[in-house]
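Below: one structure, written as structure tokens.
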Amino acid sequence: MNKGDGDKEFVNSKLLKLISHLDLNGLLTIPLEHIRPILPFVVRGALCEGLDTSNEWEGQKLKLLQLCNRSTYSNDVLQNLTVDFGVLQEDALKLRDEQKKEMVASGSADSLLKMAAYTIAVYEQSNVEDRYRMLIREMVTLINLCELHDSRIASRFNSQLFSSVVYLHTVTDMLCYLCAELPTGFHLLDICHAMLYVPNGNKTICKLVANNFEAFHSVCIHLFHILESDKCRDDTCKGPSLEVRVESALLALCDMNRDEAATIRALCVQHCQMATLAVTLSLDYIHGSQQQQDGIDDDRKSTTAAAIRLPVNSLVLFVTGLLMSNDDKTKTWFSTYLKRESSTGSESRLFKHLSEELRTVVKSGEFHADLQSPTKPSQQHHVHETKMHCLLDSQCVRAAGLIRMYCALKAKVGVTFTQEDSNYLLLLITCFPPRSIAGARFLSLALGMLLVCPGLLTGPVEEKRVRDWIAWLAGVSLEMEHTETSSSFAEQLLLTAIHLLEDRKQDAVRLACSTLGMKINVDPNQFARIKNIFTKDVFPPQKVAEHAIKVPITKEINANMEGYLPVHCVYQLLKTRAFSQGKIHVKTWIYEQICSTKVPLHPHLQPLIQEYVGTLVNPPTTRHGFRVDHVLNTPFTEDEILRVFGKRKDAKISYDFHKTADEFSLPTKLLMLYYTLLYEENVLNNMKDLALQPNRPRRYSSSLMNKIPVKLLLHKAQREPRASQGLYPALIGLLINHLPHLCMASDWLEELDDDTSMTSSTTTIVATISRNKQASSSPTPEQLYTDLRCSALIPAPAIIHLRELSTPHMTSADDVIKFVKALTWSLPHLLDHKVARRVRKEALKLWFRLNSLVPRKLWVLTVSSLLPSSEAWAANSLPPRGQQLAIDFEMLVTDPLIVLSVHRRALQCPEFLEMILRMLPACISANKSHTISMLKANPTLAKGQNPLQWFKNRQGAAAEQQNLEKEKEKLRLAYTATLKSAAVQMLIEICGMEFDGQHEQTSSKLFLLTSRREVQCLACSAIHQFFINDSNNETAKLVSIQGYAPELIEILVAGVPSAHICTDFVAELLQEANYKKHIFAIELASQLCLHYRLAPQMAVAKLCINTMSALVTGEFLVKNFDPSRAIIPQNFRLISLKM
């Protein structure tokens, strides 16, 4: 602190508050000795003309004159305004230029430091103008030195004018007027910088700021910039260092304006400078002002009452906030200061205050065991001590703040607690809080600190106290669950016990660190006492599992809930198979938790289901050769699963809550779908091992998945990602394995096109439909059916309704699926030749949209209505609800070729054929998945052996079983290939089908896009897809070997791009004994060679020519004249190609 700064405050804090608000009435009540520092402002405001000429300001000036008249110093201050400031400004500029030139010429500032300083005697004998020139000379010299940004040079300046307390007011009055009248030459910030190096500089700065009160913040910020730009980084400067000078000046400004102490402290943190000043402000200004506001300085108040009334200690919040800051620079800066302070031991004011705060909180909760208290623990968990420590709800927040701060000191600074602090911290941790939100939060933090600070347990007394506290904690944890909080310490307590039971000490530490919000390194070797308390005294394995299922589920659990929830504990117990070992059933708890899920999906529910399914399928331990019933959890029943989807309303489920299908959230339905698929996956993958066990888990029936609206759920999940975050990819992976017909690439591309096809024309259509929709109500299924049935006569209503339903932006998915039966039942009526093709096109769009929502139901209804024997051909109304259909989806899976057995007229319509060709590969894919599941569900054992014999002799039987499995797999592949080839053969027949009214076409119309040609293109495209999806070309080979009408070869070769692979099978066909196969092979080869003029085809052409030469020999020509004649055109084609 500079010389002369130790006196009482130079500018009264109340005075600055009044002057900053221009409260002149309040200034008139201030004693005269306090008015003296602001007289330059008062005199200049009262006597100088200003821009404000209003009557209000004239009244204010009269009050300023009253202030001037009250003070005897007003005339002396007024005399300082009688000089010509213009001349003084010219002298100042001239002097500044001369000094800068001199510094440049000499190369240093020593010439300025050697200039003789004016003495007080000379100052006394001079007039006002000369005094100004003397002050200007010193200020210009000091400002020039400060511009070098080297405190070592500026600190060597010796000023006599500011050393005299007698003339201090006179000199500072003149300095105030220089700042006011000559702002360009003597800027306030430059003057404040210069005052750091003169005696009584802090008082001068305070007076300058008081007379320019609007510049308070600017001056404070500039002082920090001065410290940042200083080149001197050591202690070689004369007198106090620059940091000490700036700190002293800022403290003086805070004395003058205590309300800005928090702002200055924030500047310390922002610039990472003067940590000592920040702590001093927190102790003497900010925390002190809070104590005065709360009345803590009243000695008549007890310590307990003071502790209850105070909020969280401001210094505790400040220290914790800096240590937990996201800014690494700030964290490092303050941690370095705290390390330096901790090394001083008991001399540190900061740590003394924190220890005192800790003792105050602990003692405020102390009472004797015979006292009655609302927070006293229950008698069943009695603590054998004469003194107990309980916290009121208002004290829990304060205690929690202390716990976080001491943990931050240990984590970020590495502070070692003293023995006294350790004792009080253990007393604080083991306090008994009330059953409230604040109490639950305190217990979570206290339990976390107990784990990361195991060194607090130093003896048997401390161990007994912690043991009793944890036992009490286990007893009241379930009661604390009913408080209105999103997380609870009960789950944290259970998870900690689970980790310690499994000897996962690092996981327990990570759990505690996550609760505290910081990472703390803990030596696992210090965990012996804590582990014994948890695992031997309080939480044996059986008790942990029993306790977990008694914890209520989390109502409406979602990802926004923070902290540790019951689902975390159950997940860990499932992972360790604690429920199986303890013979505890957890199915009901998991089912209720899944049913009580909301958006956004909680990330821990998916792994919970994974572990639960694992316990259903896999043995609890590796030493068990067979599954034992009483150690198994049971899977959900089909009624329980269908209840979530609203498919089994009469299900008798004995749960505490009752919901309808609409009340179950989308995450609940997705989780139940995920469970069903995952269970099926695990059962099938482990069926070889499960087949050896007497009581194996059963698969769900094939009709279960058919009743779940899988595609509709996926559609909603795509449009609401938060409902399936993290779950959607896993669902797709399971669906590809078990329900591949719902994951066809063509369907995904169709949906993607629908989402991105909102062009300008689509927007116009939507606007038109919106206007029509306003004029009339939305259609009903019966109305749509009637419009489609009459579309041959009046197509407009049908087109409008079809457009409305096929546009996603006009009709929601839940609304459009109600029209499935109306659309499919009216399809036969759309085959009338009088129906406009535009109607069929719009119907196809709606069909595709429904195919992306409820494909399986749509396929069954479509095929059922288009069969030749269907009642839909002659129906005039929709069938009654619940009417039995001719086929079901299981029949489509068993025999996919039913799709192609529809009425001939449907196969001749391009729009209807598109529907059929969309269903055909999906049904074949479903059949393939079904056969794979059948093989997995019925594994082969060695003949003549039961499971027990196989298990005893498993090494010898494994090879036999493997051979049988390979044979079954070969049969399955052959069956699938035969099915695909049959489908291709039927598609080929469609290409050659005669069309009504088109068999008389002339050659001039062959190149028109007729319905026949369009059907052939669609069929060829489907055949191409069958060929390219078969990696082994088995389908193409079977079709070629089986043969088909020769007149269709040209159509297939031209329409199927992948038909060139049939070239590989020509040689095999030519080796057949049947001459008809030879003719077919030659015809096929001639068309392929003509269409694909490639080098490999030359060998095939040569082979065919040689074969034809053998066919036209004498004996063959005599017996088979007509067939041999049929190969002459092919011969000409091959010979021309050969040439």
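Labeling convention for the structure tokens: chains A, B, ... as they appear, residues from 1 per chain, ligands from 1 in order of appearance.
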* Determine which residues of stretch 798-847 of chain A DSSP labels as helix (DSSP H, G or I) from the backbone of this structure, then write them out as a ChimeraX atom specification. => /A:798-806,813-825,827-830,837-847
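Taking only C-alpha atoms, the non-local environment of stretch 520-530 of chain A within 9 Å (same-chain residues fewer than 3 positions away omitted) comprises Cys407, Ala408, Lys410, Ala411, Lys412, Leu450, Leu451, Val452, Cys453, Pro454, Gly455, Leu457, Glu463, Val466, Arg467, Leu500, Lys505, Gln506, Val509, Arg510, Cys513, Ile533, Phe534 and Thr535 of chain A.
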* Which of these, A:Leu1084, A:Val567, A:Leu1094, A:Val77, has the shortest distance to A:Leu1069 once you count only C-alpha atoms? -> A:Leu1084
Using only C-alpha atoms, what table do you get, as a tab-separated table, when you list each residue of stretch 849-901 of chain A with an atom no more than 7 Å from stretch 710-722 of chain A, its nearest pair of atoms, and their distance in Å rounded to one decimal, rows by chain then rising number?
```
residue	atom	partner	partner_atom	distance
A:Ser852	CA	A:Lys711	CA	6.6
A:Leu853	CA	A:Leu712	CA	4.5
A:Val854	CA	A:Lys711	CA	6.1
```
Put those residues in a file: N, CA, C and O atoms, as a PDB file, in the first residue's frame.
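Below is the file part-v8.pdb, written as the result:
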```pdb
ATOM      1  N   SER A 852     -45.796 -49.122 -46.364  1.00  0.00           N
ATOM      2  CA  SER A 852     -44.740 -48.656 -45.456  1.00  0.00           C
ATOM      3  C   SER A 852     -45.206 -48.592 -44.009  1.00  0.00           C
ATOM      4  O   SER A 852     -44.385 -48.329 -43.124  1.00  0.00           O
ATOM      5  N   LEU A 853     -46.492 -48.828 -43.757  1.00  0.00           N
ATOM      6  CA  LEU A 853     -47.026 -48.731 -42.398  1.00  0.00           C
ATOM      7  C   LEU A 853     -47.488 -50.089 -41.871  1.00  0.00           C
ATOM      8  O   LEU A 853     -47.082 -50.501 -40.787  1.00  0.00           O
ATOM      9  N   VAL A 854     -48.361 -50.763 -42.607  1.00  0.00           N
ATOM     10  CA  VAL A 854     -48.893 -52.071 -42.160  1.00  0.00           C
ATOM     11  C   VAL A 854     -48.772 -53.065 -43.307  1.00  0.00           C
ATOM     12  O   VAL A 854     -49.776 -53.503 -43.879  1.00  0.00           O
TER      13      VAL A 854
END
```
* Asked: Within 12 Å of A:Lys587, counting only C-alpha atoms, which residues qualify if same-chain residues fewer than 2 places away don't, as an MDAnalysis selection string?
  -> chainID A and resid 549 570 574 579:580 584:585 589:594 608:609 612:613 615:616 632:637 640 655
* To do: Show which residues sit within 8 Å of A:Leu573, as a ChimeraX atom specification. Count only C-alpha atoms, and ignore same-chain residues fewer than 5 positions away.
  => /A:498,545,578-579
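Near A:His903, within 8 Å and counting only C-alpha atoms, sit Leu866, Leu867 and Pro868 of chain A, not including residues fewer than 6 positions from it in the same chain.
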With only C-alpha atoms as the counted atoms, please give the residues lying no more than 8 Å from A:Ser877, apart from itself and same-chain residues fewer than 2 positions off, as a compact mmCIF listing (two decimals) with N, CA and C atoms, in the first residue's frame.
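Once written, out-v7.txt looks like this:
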```txt
# COMPACT_ATOMS: atom_id res chain seq x y z
N GLU A 782 -65.96 -46.39 -45.51
CA GLU A 782 -67.12 -46.74 -46.34
C GLU A 782 -67.26 -45.79 -47.52
N TYR A 785 -64.61 -46.61 -50.14
CA TYR A 785 -64.96 -47.82 -50.88
C TYR A 785 -66.05 -47.52 -51.92
N THR A 786 -67.03 -46.73 -51.54
CA THR A 786 -68.10 -46.39 -52.48
C THR A 786 -67.57 -45.58 -53.65
N ALA A 875 -68.93 -57.85 -54.57
CA ALA A 875 -69.43 -57.18 -53.37
C ALA A 875 -69.82 -55.74 -53.67
N PRO A 879 -66.84 -55.88 -46.20
CA PRO A 879 -67.21 -57.08 -45.44
C PRO A 879 -67.38 -56.74 -43.97
```
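Among A:Ala843, A:Ala1059, A:Leu601, A:Cys991, the residue with the shortest atom-to-atom distance to A:Ala1045, counting only C-alpha atoms, is A:Cys991.
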* Structure fact -> Separating atom CA of A:Ile732 from atom CA of A:Leu979, to the nearest tenth of an Å, is a gap of 26.4 Å
